[in-house]
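Note: the block below is start28.cif and it holds mmCIF, C-alpha atoms.
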```
data_my_file
#
loop_
_atom_site.label_atom_id
_atom_site.label_comp_id
_atom_site.auth_asym_id
_atom_site.auth_seq_id
_atom_site.Cartn_x
_atom_site.Cartn_y
_atom_site.Cartn_z
CA MET L 212 97.72 215.98 54.92
CA VAL L 213 94.55 218.04 54.46
CA SER L 214 92.29 216.23 51.99
CA GLY L 215 88.65 216.18 50.96
CA GLN L 216 88.58 212.47 50.20
CA ASN L 217 85.57 210.65 51.67
CA ARG L 218 83.87 214.01 52.30
CA THR L 219 80.69 215.17 50.55
CA PHE L 220 79.66 218.80 51.04
CA LEU L 221 76.11 220.07 50.57
CA PHE L 222 75.87 223.84 50.08
CA LEU L 223 72.65 225.63 51.02
CA GLN L 224 72.14 229.41 50.62
CA GLY L 225 75.21 231.62 50.61
CA PRO L 226 76.11 235.31 50.42
CA HIS L 227 75.05 237.09 47.22
CA GLY L 228 77.62 236.61 44.48
CA PRO L 229 80.06 233.91 43.37
CA PHE L 230 81.80 233.05 46.65
CA PHE L 231 80.03 229.72 47.26
CA ASP L 232 80.70 228.67 43.66
CA ARG L 233 84.44 229.40 44.04
CA LEU L 234 84.53 227.63 47.40
CA GLY L 235 82.80 224.54 46.00
CA ARG L 236 85.27 224.31 43.11
CA MET L 237 88.24 224.49 45.48
CA LEU L 238 86.77 221.76 47.70
CA ARG L 239 86.44 219.58 44.60
CA ALA L 240 90.08 220.25 43.78
CA ALA L 241 90.90 219.00 47.29
CA GLY L 242 89.16 215.68 46.49
CA ALA L 243 85.71 216.24 47.99
CA ASP L 244 82.33 215.74 46.34
CA VAL L 245 80.20 218.90 46.28
CA TRP L 246 76.47 219.51 45.79
CA ARG L 247 74.36 222.65 45.96
CA VAL L 248 70.67 223.05 46.81
CA GLY L 249 69.09 226.05 45.13
CA PHE L 250 65.87 227.59 46.38
CA ASN L 251 65.41 230.24 43.69
CA ALA L 252 66.76 231.59 40.42
CA GLY L 253 69.31 233.75 42.24
CA ASP L 254 70.90 230.68 43.82
CA ALA L 255 71.03 228.99 40.41
CA ALA L 256 72.58 232.01 38.68
CA PHE L 257 75.65 232.01 40.93
CA TRP L 258 76.34 228.23 40.76
CA ARG L 259 78.13 227.33 37.52
CA ASP L 260 78.18 223.52 37.75
CA CYS L 261 74.66 222.54 36.68
CA ALA L 262 75.37 218.80 37.19
CA SER L 263 75.80 219.32 40.94
CA PHE L 264 72.85 221.70 41.37
CA ILE L 265 69.72 220.39 43.12
CA ALA L 266 66.67 222.59 42.57
CA PHE L 267 64.24 222.70 45.49
CA GLN L 268 60.96 223.89 43.97
CA ALA L 269 58.47 222.35 46.43
CA PRO L 270 56.70 224.20 49.27
CA VAL L 271 58.93 224.97 52.24
CA ALA L 272 56.86 222.55 54.35
CA ASP L 273 58.44 219.72 52.34
CA TRP L 274 62.00 220.86 53.03
CA ASN L 275 62.77 218.65 56.04
CA ASP L 276 61.87 215.42 54.23
CA ARG L 277 63.67 216.49 51.07
CA PHE L 278 66.79 217.43 53.02
CA ARG L 279 66.88 214.03 54.71
CA ARG L 280 66.56 212.30 51.33
CA ILE L 281 69.36 214.36 49.81
CA VAL L 282 71.64 213.56 52.74
CA ALA L 283 70.92 209.83 52.44
CA GLU L 284 71.05 209.57 48.64
CA ARG L 285 74.29 211.53 48.24
CA ASN L 286 76.06 210.35 51.41
CA ILE L 287 76.42 213.92 52.68
CA THR L 288 79.01 214.38 55.44
CA ASP L 289 79.05 218.19 55.69
CA ILE L 290 76.63 221.07 55.10
CA VAL L 291 77.71 224.63 54.30
CA LEU L 292 75.53 227.70 54.79
CA TYR L 293 75.55 231.46 55.28
CA GLY L 294 73.75 232.44 58.48
CA ASP L 295 72.02 229.82 60.60
CA THR L 296 68.70 231.43 61.59
CA ARG L 297 66.59 231.58 58.39
CA ARG L 298 64.02 228.78 58.47
CA ILE L 299 65.52 226.43 55.89
CA HIS L 300 68.95 226.71 57.52
CA ALA L 301 67.77 226.34 61.10
CA GLU L 302 65.82 223.19 60.20
CA ALA L 303 68.76 221.76 58.23
CA VAL L 304 71.17 222.43 61.11
CA GLY L 305 68.87 220.63 63.56
CA ILE L 306 68.66 217.55 61.33
CA ALA L 307 72.41 217.66 60.60
CA ARG L 308 73.19 217.55 64.30
CA GLU L 309 70.80 214.63 64.72
CA LEU L 310 72.56 212.74 61.89
CA GLY L 311 76.08 213.63 63.02
CA LEU L 312 76.96 215.84 60.03
CA MET L 313 79.53 218.61 60.26
CA VAL L 314 77.94 222.08 60.00
CA HIS L 315 80.02 224.88 58.46
CA VAL L 316 78.58 228.36 59.05
CA PHE L 317 79.75 231.54 57.34
CA GLU L 318 78.77 235.03 58.46
CA GLU L 319 79.88 238.61 58.05
CA GLY L 320 83.00 239.21 60.12
CA TYR L 321 82.71 239.81 63.83
CA LEU L 322 85.68 242.09 63.14
CA ARG L 323 84.60 243.68 59.87
CA PRO L 324 85.25 244.77 57.26
CA TYR L 325 88.52 243.01 56.51
CA TRP L 326 87.54 239.64 57.97
CA VAL L 327 84.70 237.18 57.61
CA THR L 328 83.48 234.67 60.18
CA TYR L 329 83.81 230.89 59.83
CA GLU L 330 82.49 228.66 62.62
CA ARG L 331 81.15 225.16 63.15
CA GLY L 332 77.62 224.55 64.38
CA GLY L 333 76.34 228.13 64.67
CA SER L 334 77.14 231.84 64.60
CA ASN L 335 76.24 235.01 66.50
CA GLY L 336 73.94 234.01 69.38
CA ASN L 337 74.45 230.33 68.49
CA SER L 338 78.24 230.61 68.37
CA GLU L 339 80.54 228.65 70.64
CA LEU L 340 81.95 232.04 71.65
CA MET L 341 78.82 232.58 73.74
CA ASN L 342 80.02 229.85 76.10
CA LEU L 343 83.69 230.81 76.24
CA SER L 344 84.87 233.11 79.03
CA ILE L 345 87.71 235.59 78.73
CA PRO L 346 89.89 233.62 81.20
CA GLU L 347 89.43 230.51 79.03
CA MET L 348 90.51 232.46 75.96
CA GLN L 349 93.52 233.90 77.79
CA LYS L 350 94.58 230.41 78.84
CA THR L 351 94.43 229.21 75.24
CA LEU L 352 96.46 232.22 74.08
CA ALA L 353 99.22 231.69 76.64
CA ASN L 354 101.65 230.29 74.06
CA VAL L 355 100.51 232.29 71.02
CA GLU L 356 102.19 235.38 69.65
CA LEU L 357 100.57 237.71 67.11
CA ASP L 358 101.00 241.29 65.98
CA ILE L 359 97.39 242.48 65.97
CA PRO L 360 96.44 244.75 63.04
CA GLU L 361 94.77 248.08 63.67
CA ALA L 362 90.99 248.30 63.71
CA PRO L 363 89.70 248.73 60.13
CA ALA L 364 88.42 252.18 59.28
CA HIS L 365 85.81 251.46 56.64
CA TRP L 366 83.41 248.82 55.33
CA GLY L 367 85.44 247.43 52.46
CA ASP L 368 83.56 246.17 49.37
CA MET L 369 80.26 248.00 49.79
CA ARG L 370 79.65 248.69 46.09
CA GLN L 371 80.13 245.03 45.17
CA HIS L 372 77.85 244.00 48.04
CA VAL L 373 75.03 246.23 46.81
CA PHE L 374 75.64 245.23 43.16
CA TYR L 375 75.40 241.50 43.85
CA GLY L 376 72.34 242.06 46.01
CA ALA L 377 70.59 243.89 43.15
CA LEU L 378 71.67 241.24 40.62
CA TYR L 379 70.46 238.40 42.86
CA HIS L 380 67.03 239.97 43.35
CA GLY L 381 66.85 240.80 39.66
CA HIS L 382 67.09 237.08 38.88
CA LEU L 383 64.34 236.39 41.42
CA LEU L 384 62.16 239.05 39.87
CA LEU L 385 62.60 238.01 36.22
CA ARG L 386 63.51 234.30 36.21
CA ASN L 387 61.91 232.76 39.28
CA ARG L 388 58.84 231.10 37.68
CA PRO L 389 60.16 227.52 38.24
CA TYR L 390 60.50 228.37 41.96
CA ARG L 391 56.97 229.70 42.45
CA ASN L 392 56.87 228.13 45.95
CA PHE L 393 59.94 230.07 47.11
CA GLU L 394 59.36 232.04 50.32
CA PRO L 395 61.87 234.83 51.09
CA HIS L 396 63.25 234.69 54.63
CA ARG L 397 62.37 238.37 54.96
CA ALA L 398 58.91 239.92 55.06
CA MET L 399 59.28 241.92 51.83
CA SER L 400 58.42 240.58 48.40
CA VAL L 401 61.16 239.92 45.83
CA ALA L 402 60.03 242.91 43.75
CA GLN L 403 60.21 245.21 46.77
CA GLU L 404 63.69 243.92 47.65
CA PHE L 405 64.88 244.46 44.07
CA ARG L 406 63.53 248.02 43.96
CA LEU L 407 65.26 248.84 47.25
CA TYR L 408 68.63 247.52 46.03
CA LEU L 409 68.27 249.38 42.72
CA ARG L 410 67.24 252.56 44.50
CA ARG L 411 70.25 252.23 46.78
CA LEU L 412 72.59 251.95 43.79
CA LEU L 413 71.08 254.99 42.07
CA LEU L 414 71.02 257.15 45.19
CA MET L 415 74.58 256.44 46.32
CA PRO L 416 75.88 259.91 45.29
CA ALA L 417 73.02 261.71 47.10
CA ILE L 418 73.41 259.53 50.19
CA TRP L 419 77.15 260.24 50.19
CA ALA L 420 76.54 264.01 50.07
CA ASP L 421 73.96 263.85 52.88
CA ARG L 422 76.36 261.79 55.00
CA VAL L 423 79.32 264.11 54.43
CA ILE L 424 77.30 267.18 55.47
CA ALA L 425 75.89 265.49 58.60
CA THR L 426 79.30 264.17 59.64
CA TYR L 427 80.93 267.57 59.13
CA ARG L 428 78.35 269.29 61.31
CA ILE L 429 78.90 266.77 64.10
CA LYS L 430 82.69 266.90 63.91
CA THR L 431 82.73 270.70 63.98
CA GLY L 432 79.86 271.10 66.47
CA GLY L 433 82.11 271.21 69.52
CA PHE L 434 79.68 269.20 71.70
CA PRO L 435 80.25 265.87 73.51
CA TYR L 436 78.20 263.08 71.98
CA TYR L 437 77.31 259.40 72.17
CA LEU L 438 76.82 257.09 69.20
CA ALA L 439 73.95 254.70 68.63
CA LEU L 440 75.00 251.97 66.18
CA LEU L 441 71.89 251.05 64.24
CA GLN L 442 71.27 247.73 62.50
CA LEU L 443 69.02 246.50 59.75
CA GLU L 444 65.64 245.71 61.28
CA HIS L 445 65.39 242.57 59.14
CA ASP L 446 68.89 241.35 60.07
CA SER L 447 68.98 237.91 61.71
CA SER L 448 70.96 239.13 64.73
CA PHE L 449 68.34 241.79 65.43
CA GLN L 450 65.38 239.49 64.81
CA ASN L 451 66.64 236.38 66.61
CA HIS L 452 69.07 237.58 69.25
CA SER L 453 67.56 240.78 70.64
CA PRO L 454 64.65 241.74 72.92
CA PHE L 455 63.14 244.10 70.31
CA SER L 456 60.59 243.36 67.62
CA SER L 457 61.24 246.61 65.76
CA MET L 458 63.91 249.28 65.47
CA THR L 459 61.41 251.85 66.73
CA GLU L 460 61.35 250.09 70.12
CA PHE L 461 65.13 250.42 70.38
CA LEU L 462 65.09 254.07 69.26
CA ASP L 463 62.43 254.96 71.84
CA LEU L 464 64.36 253.26 74.65
CA VAL L 465 67.66 254.96 73.76
CA ILE L 466 66.25 258.44 73.25
CA GLY L 467 64.25 258.16 76.48
CA GLY L 468 67.33 257.03 78.43
CA PHE L 469 69.39 259.83 76.91
CA ALA L 470 66.75 262.41 77.80
CA HIS L 471 66.67 261.27 81.44
CA GLY L 472 70.39 260.72 82.03
CA ALA L 473 72.64 262.76 79.75
CA PRO L 474 73.88 266.22 80.78
CA GLY L 475 72.13 269.04 78.96
CA HIS L 476 75.12 269.90 76.76
CA HIS L 477 75.59 266.31 75.48
CA HIS L 478 74.24 265.16 72.11
CA MET L 479 73.23 261.80 70.61
CA VAL L 480 74.22 260.61 67.11
CA PHE L 481 72.34 257.76 65.42
CA LYS L 482 74.45 256.14 62.71
CA ALA L 483 72.59 253.99 60.17
CA HIS L 484 73.88 250.64 58.95
CA PRO L 485 75.88 251.00 55.69
CA LEU L 486 73.27 248.86 53.88
CA GLU L 487 70.22 250.68 55.23
CA ASP L 488 67.83 250.86 52.31
CA GLY L 489 64.92 252.94 53.57
CA ARG L 490 62.41 250.18 54.29
CA VAL L 491 62.18 251.70 57.78
CA ASN L 492 61.88 255.50 57.99
CA LEU L 493 64.65 255.88 60.56
CA ARG L 494 65.12 259.60 60.09
CA GLY L 495 61.40 260.24 60.59
CA GLU L 496 61.15 257.97 63.63
CA ILE L 497 64.22 259.51 65.27
CA LYS L 498 62.87 263.03 64.72
CA ARG L 499 59.44 262.10 66.09
CA LEU L 500 60.81 260.40 69.21
CA SER L 501 63.40 263.08 69.95
CA VAL L 502 60.67 265.75 69.92
CA LEU L 503 58.45 263.51 72.06
CA HIS L 504 61.21 263.20 74.68
CA GLY L 505 62.13 266.90 74.54
CA VAL L 506 65.64 266.52 73.08
CA GLY L 507 64.98 267.35 69.43
CA ASP L 508 67.82 269.87 69.16
CA ARG L 509 70.42 267.39 70.51
CA ILE L 510 69.76 264.40 68.24
CA HIS L 511 71.55 263.75 64.92
CA TYR L 512 71.22 261.13 62.17
CA VAL L 513 74.00 259.95 59.83
CA ARG L 514 73.34 257.69 56.84
CA GLY L 515 76.06 255.03 57.05
CA GLY L 516 79.66 255.86 56.18
CA LYS L 517 82.92 255.38 58.01
CA LEU L 518 82.41 254.63 61.67
CA ALA L 519 85.94 255.68 62.63
CA GLN L 520 85.28 259.34 61.78
CA LEU L 521 82.55 259.49 64.41
CA LEU L 522 84.08 257.13 66.97
CA ASP L 523 87.28 259.17 67.20
CA HIS L 524 85.36 261.91 69.05
CA ALA L 525 82.59 259.93 70.79
CA ARG L 526 82.22 259.43 74.54
CA GLY L 527 80.65 255.98 74.19
CA ALA L 528 78.14 253.97 72.22
CA VAL L 529 74.93 251.94 72.50
CA THR L 530 73.68 249.17 70.22
CA VAL L 531 71.43 246.15 70.12
CA ASN L 532 74.15 243.70 69.10
CA SER L 533 75.91 245.22 66.08
CA THR L 534 79.31 243.79 65.18
CA ALA L 535 80.43 247.41 64.68
CA ALA L 536 80.58 247.61 68.48
CA GLN L 537 83.91 245.79 68.26
CA GLN L 538 85.43 249.03 66.95
CA VAL L 539 84.01 250.81 70.00
CA LEU L 540 85.69 248.33 72.33
CA TRP L 541 88.96 248.46 70.39
CA ARG L 542 89.13 252.16 71.17
CA GLY L 543 88.43 251.57 74.86
CA LEU L 544 85.10 253.44 74.77
CA PRO L 545 82.14 252.61 77.05
CA LEU L 546 79.54 250.36 75.44
CA LYS L 547 75.95 249.45 76.31
CA VAL L 548 74.47 246.36 74.60
CA PHE L 549 70.87 245.08 74.70
CA GLY L 550 70.94 241.84 72.69
CA GLU L 551 72.95 238.64 72.62
CA ALA L 552 76.38 239.16 71.05
CA VAL L 553 79.63 237.24 70.97
CA TYR L 554 81.43 240.24 72.50
CA ALA L 555 78.89 240.87 75.28
CA LYS L 556 81.27 239.75 78.02
CA PRO L 557 81.09 241.23 81.54
CA GLU L 558 84.63 242.57 81.13
CA PHE L 559 83.55 244.77 78.21
CA VAL L 560 79.95 245.93 78.28
CA SER L 561 78.23 248.17 80.80
CA THR L 562 75.63 246.76 83.21
CA GLN L 563 74.38 250.25 84.09
CA THR L 564 70.87 251.45 83.36
CA LEU L 565 70.66 253.71 80.31
CA PRO L 566 70.27 256.95 82.31
CA GLU L 567 73.27 255.94 84.44
CA PHE L 568 75.26 255.06 81.33
CA PHE L 569 74.59 258.41 79.70
CA ALA L 570 75.33 260.25 82.95
CA ARG L 571 78.62 258.51 83.76
CA PRO L 572 79.50 255.49 81.59
CA ALA L 573 81.77 252.71 82.83
CA ARG L 574 84.76 251.96 80.62
CA PRO L 575 85.61 248.45 79.37
CA ASP L 576 88.64 246.42 80.40
CA SER L 577 90.75 247.21 77.34
CA ARG L 578 93.47 244.68 78.12
CA ALA L 579 90.89 241.90 78.32
CA TYR L 580 89.38 243.05 75.03
CA ARG L 581 92.76 242.91 73.30
CA ASP L 582 93.05 239.27 74.40
CA TYR L 583 89.52 238.59 73.14
CA ARG L 584 90.26 240.18 69.77
CA HIS L 585 93.56 238.30 69.56
CA PHE L 586 91.63 235.05 70.18
CA LEU L 587 89.17 235.82 67.37
CA LEU L 588 91.94 236.65 64.89
CA GLU L 589 93.60 233.32 65.65
CA THR L 590 90.36 231.33 65.25
CA SER L 591 87.09 232.28 63.51
CA GLN L 592 88.06 235.55 61.80
CA ILE L 593 89.57 234.98 58.35
CA ALA L 594 91.13 237.76 56.32
CA GLY L 595 89.15 238.53 53.16
CA GLY L 596 85.60 239.18 52.03
CA PHE L 597 82.65 237.63 50.17
CA TYR L 598 81.95 240.28 47.55
CA SER L 599 85.10 241.68 45.93
CA ALA L 600 87.39 239.48 43.81
CA ARG L 601 90.38 240.47 45.94
CA GLY L 602 88.52 239.65 49.15
CA ARG L 603 87.44 236.23 47.85
CA ARG L 604 90.99 235.35 46.82
CA GLN L 605 92.27 236.28 50.25
CA LEU L 606 89.55 234.27 51.98
CA LEU L 607 89.95 231.10 49.88
CA ARG L 608 93.66 230.93 50.65
CA GLN L 609 92.82 229.80 54.18
CA VAL L 610 89.22 228.72 54.59
CA VAL L 611 89.31 225.45 52.62
CA ASP L 612 92.06 223.99 54.84
CA MET L 613 90.07 225.10 57.91
CA MET L 614 86.92 223.38 56.61
CA LEU L 615 88.78 220.14 55.92
CA ALA L 616 90.50 220.12 59.31
CA PRO L 617 89.02 217.69 61.88
CA GLU L 618 88.82 220.36 64.59
CA ASP L 619 86.84 223.59 64.58
CA PRO L 620 88.88 226.82 64.75
CA TYR L 621 88.53 227.20 68.53
CA GLU L 622 89.50 223.61 69.33
CA ALA L 623 92.37 223.70 66.83
CA LEU L 624 93.94 226.65 68.64
CA ARG L 625 93.38 225.05 72.05
CA ILE L 626 95.15 221.79 71.16
CA GLY L 627 97.84 223.40 69.00
CA THR L 628 96.83 222.17 65.52
CA ALA L 629 95.75 225.53 64.07
CA GLY L 630 97.60 226.48 60.93
CA PRO L 631 99.42 229.81 60.40
CA ARG L 632 97.07 232.72 59.84
CA GLN L 633 97.43 235.32 57.12
CA GLN L 634 96.39 238.70 58.46
CA LEU L 635 95.19 241.23 55.93
CA ARG L 636 97.39 244.27 55.52
CA VAL L 637 95.17 247.29 56.08
CA VAL L 638 95.68 250.02 53.50
CA LYS L 639 93.93 253.33 54.24
#
```

Would you mind writing the file's structure down as structure tokens?
Amino acid sequence: MVSGQNRTFLFLQGPHGPFFDRLGRMLRAAGADVWRVGFNAGDAAFWRDCASFIAFQAPVADWNDRFRRIVAERNITDIVLYGDTRRIHAEAVGIARELGLMVHVFEEGYLRPYWVTYERGGSNGNSELMNLSIPEMQKTLANVELDIPEAPAHWGDMRQHVFYGALYHGHLLLRNRPYRNFEPHRAMSVAQEFRLYLRRLLLMPAIWADRVIATYRIKTGGFPYYLALLQLEHDSSFQNHSPFSSMTEFLDLVIGGFAHGAPGHHHMVFKAHPLEDGRVNLRGEIKRLSVLHGVGDRIHYVRGGKLAQLLDHARGAVTVNSTAAQQVLWRGLPLKVFGEAVYAKPEFVSTQTLPEFFARPARPDSRAYRDYRHFLLETSQIAGGFYSARGRRQLLRQVVDMMLAPEDPYEALRIGTAGPRQQLRVVK
């Protein structure tokens, strides 16, 4: 029987919105004790049980000692967090491992948008997937049957994501006086973050129109093209698991490689991340670099939107380590990756130089990728989402039992104790 008895969960920072609050309440219903550490007014606003809320208002330099005291005083057995690379999380994970605590890590889905990621110990470049080979996955899958859903065609709950981001930063801007020592894990101030989220909400119609026009011109242009899948420069995967310190470095490398290797009639399309908020002038940098490399008339920029519309006609793609690359591989298109990524297996990604890739890209082993994707859907990818009410309901139906299980998702599948998975029905 799955039970939370004799388990005490300590929640750290989670995704914007009420997901962690709902998850904590369900763990209590399963018999576990639950606590939450809040580092700012935004954390406090989304946690309804004030009696279990622990406000951390000291300087971040005091966090390690405070975390150890909390663990000892409340007999913590498990910690729960969203993303494992921000300073307070990385330090907590290190201490948790030292003390033998179970570490539950949530992240955006490796197969987004209709799944989220749940792992033990670490995610992205710190995930156990980094150490698992395709043959090992295929061996585990030998006795598993699953009808694999089609690749999702759009992001999912984007409006809710932006709304909760703006609401969270609004609380930080207006109600954060008790947390005057709070240090954002990103370089921007709280006020700047809030203005960017608000601006994004207000400009959604204009961004949509710009995107539709750009996409139409590309789809009707009649030219072969490659896609560059851009990421947020402040994203943890880009900052901690890539060789670049800025997006400009990546843009310069890609445009230079395209200029030297691609046939003269080929074009290059740079697709922005759906949450790109303008803190980096991507359009301006792309225009400047394309002129510098002499390919200004063959470079295009699209502000977010549905990836499928562009992938359906692309010859291949390049990225640092975006999870959107999984849709590239699902379609059997060539892919060049520069950073650490859970899908960067030798069976899938090109080892060619950029000029060689743009001249004649090597295709991935699509059968091996299907096995890899099958393995993820049976283990760390859970149907649902953090931001919409429907997505949270779908996610909570499965994730609590997985958190209370003694084995992590990968080990549970290997030894045959994994429970049945509910795959989300994709409605287009």

Name the residues captured by the PyMOL selection byres ((chain L and resi 297) around 10) when it is applied to the shown file; answer as a short mmCIF file (atom, residue, chain, number, x, y, z; two decimals) with C-alpha atoms, in the coordinates of the input.
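In the end it all went to out_19.cif:
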```cif
data_model
loop_
_atom_site.label_atom_id
_atom_site.label_comp_id
_atom_site.auth_asym_id
_atom_site.auth_seq_id
_atom_site.Cartn_x
_atom_site.Cartn_y
_atom_site.Cartn_z
CA GLN L 224 72.14 229.41 50.62
CA TYR L 293 75.55 231.46 55.28
CA GLY L 294 73.75 232.44 58.48
CA ASP L 295 72.02 229.82 60.60
CA THR L 296 68.70 231.43 61.59
CA ARG L 298 64.02 228.78 58.47
CA ILE L 299 65.52 226.43 55.89
CA HIS L 300 68.95 226.71 57.52
CA ALA L 301 67.77 226.34 61.10
CA GLU L 302 65.82 223.19 60.20
CA PRO L 395 61.87 234.83 51.09
CA HIS L 396 63.25 234.69 54.63
CA ARG L 397 62.37 238.37 54.96
CA SER L 447 68.98 237.91 61.71
CA ASN L 451 66.64 236.38 66.61
#
```

Expand the PyMOL selection byres ((chain L and resi 333) around 8) into the explicit residue set it covers here, and present it as an mmCIF file with C-alpha atoms, in the frame of the given file.
```cif
data_model
loop_
_atom_site.group_PDB
_atom_site.id
_atom_site.type_symbol
_atom_site.label_atom_id
_atom_site.label_comp_id
_atom_site.auth_asym_id
_atom_site.auth_seq_id
_atom_site.Cartn_x
_atom_site.Cartn_y
_atom_site.Cartn_z
ATOM 1 C CA GLY L 294 73.750 232.440 58.480
ATOM 2 C CA ASP L 295 72.020 229.820 60.600
ATOM 3 C CA VAL L 314 77.940 222.080 60.000
ATOM 4 C CA HIS L 315 80.020 224.880 58.460
ATOM 5 C CA VAL L 316 78.580 228.360 59.050
ATOM 6 C CA GLU L 330 82.490 228.660 62.620
ATOM 7 C CA ARG L 331 81.150 225.160 63.150
ATOM 8 C CA GLY L 332 77.620 224.550 64.380
ATOM 9 C CA SER L 334 77.140 231.840 64.600
ATOM 10 C CA ASN L 335 76.240 235.010 66.500
ATOM 11 C CA GLY L 336 73.940 234.010 69.380
ATOM 12 C CA ASN L 337 74.450 230.330 68.490
ATOM 13 C CA SER L 338 78.240 230.610 68.370
ATOM 14 C CA GLU L 339 80.540 228.650 70.640
#
```

Translate the PyMOL selection byres ((chain L and resi 280-288) around 6) into a concrete residue list for this structure, as number ranges by chain. L: 218-219, 277-279, 289, 312

Using all atoms listed in the file for the distances, tell me which of L:Arg236, L:His477, L:Arg386, L:Arg584 is nearest to Asp254 in chain L.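 The answer is L:Arg386, which sits nearest to Asp254 in chain L.
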
Just want the 8 Å neighbourhood of Gln592 in chain L, counted on all atoms listed in the file, with same-chain residues fewer than 2 positions away dropped. Output as a list in words.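 My list of contacting residues is Gly320, Tyr321, Leu322, Trp326, Val327, Thr328, Tyr329, Leu587, Leu588, Glu589, Thr590 and Ala594 of chain L.
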
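Counting from CA of Gly228 in chain L, the distance to CA of Leu440 in chain L is 26.7 Å.
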
Pick out the closest residue to Asp368 in chain L from this set: L:Gly495, L:Gly505, L:Gly433, L:Pro485. Count only C-alpha atoms.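 Among the listed residues, the smallest separation from Asp368 in chain L belongs to L:Pro485.
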
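Distances to Lys482 in chain L were evaluated for L:Ala420, L:Val245, L:Ala470, L:Leu441 using all atoms listed in the file, and the minimum falls at L:Leu441.
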
Which of these, L:Gly596, L:Gly543, L:Gly381, L:Pro631, has the shortest distance to Met613 in chain L once you count all atoms listed in the file?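 Of L:Gly596, L:Gly543, L:Gly381, L:Pro631, the one nearest Met613 in chain L is L:Pro631, counting all atoms listed in the file.
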
Excluding Thr530 in chain L and any residue of its chain fewer than 4 positions from it, enumerate the residues within 10 Å of it, using only C-alpha atoms, and give them as number ranges by chain. L: 438-442, 461-462, 465, 481, 534-536, 546-550

CA of Ser591 in chain L to CA of Val304 in chain L, distance in Å rounded to a single decimal: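 Rounded to one decimal, the two atoms are 18.9 Å apart.
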
Tell me, as JSON, numbers by chain, which residues lie within 9 Å of Glu618 in chain L, counting only C-alpha atoms; anything in the same chain fewer than 4 positions away does not count. {"L": [613, 614, 622, 623, 628, 629]}

List the residues sitting within 10 Å of (63.4, 221.8, 43.7) in the file's frame, using all atoms listed in the file, as a PyMOL selection string. chain L and resi 248-251+264-270+274+277+389-390+392-393

Using only C-alpha atoms, please write the residues we just selected to a file, as an mmCIF file, in the frame of the given file.
```cif
data_model
loop_
_atom_site.group_PDB
_atom_site.id
_atom_site.type_symbol
_atom_site.label_atom_id
_atom_site.label_comp_id
_atom_site.auth_asym_id
_atom_site.auth_seq_id
_atom_site.Cartn_x
_atom_site.Cartn_y
_atom_site.Cartn_z
ATOM 1 C CA VAL L 248 70.670 223.050 46.810
ATOM 2 C CA GLY L 249 69.090 226.050 45.130
ATOM 3 C CA PHE L 250 65.870 227.590 46.380
ATOM 4 C CA ASN L 251 65.410 230.240 43.690
ATOM 5 C CA PHE L 264 72.850 221.700 41.370
ATOM 6 C CA ILE L 265 69.720 220.390 43.120
ATOM 7 C CA ALA L 266 66.670 222.590 42.570
ATOM 8 C CA PHE L 267 64.240 222.700 45.490
ATOM 9 C CA GLN L 268 60.960 223.890 43.970
ATOM 10 C CA ALA L 269 58.470 222.350 46.430
ATOM 11 C CA PRO L 270 56.700 224.200 49.270
ATOM 12 C CA TRP L 274 62.000 220.860 53.030
ATOM 13 C CA ARG L 277 63.670 216.490 51.070
ATOM 14 C CA PRO L 389 60.160 227.520 38.240
ATOM 15 C CA TYR L 390 60.500 228.370 41.960
ATOM 16 C CA ASN L 392 56.870 228.130 45.950
ATOM 17 C CA PHE L 393 59.940 230.070 47.110
#
```

Using CA of Gly630 in chain L and CA of Phe317 in chain L as the two end points, give the distance in Å to one decimal. 18.9 Å

Which residue of L:Leu540, L:Leu384, L:Val553, L:Ala483 approaches Ser344 in chain L most closely, using all atoms listed in the file: L:Val553

In terms of all atoms listed in the file, the residue from L:Leu486, L:Ala528, L:Ala552, L:Ala272 at minimal distance from Arg574 in chain L is L:Ala528

List the spatial neighbours of Thr431 in chain L as number ranges by chain - criterion: any atom at most 12 Å away, only C-alpha atoms, same-chain residues fewer than 6 positions off excluded. L: 424-425, 520-521, 524

Spatial sel., origin (79.5, 265.3, 58.0), limit 12 Å, only C-alpha atoms, listed as a PyMOL selection string: chain L and resi 418-432+480+482+511-518+520-521
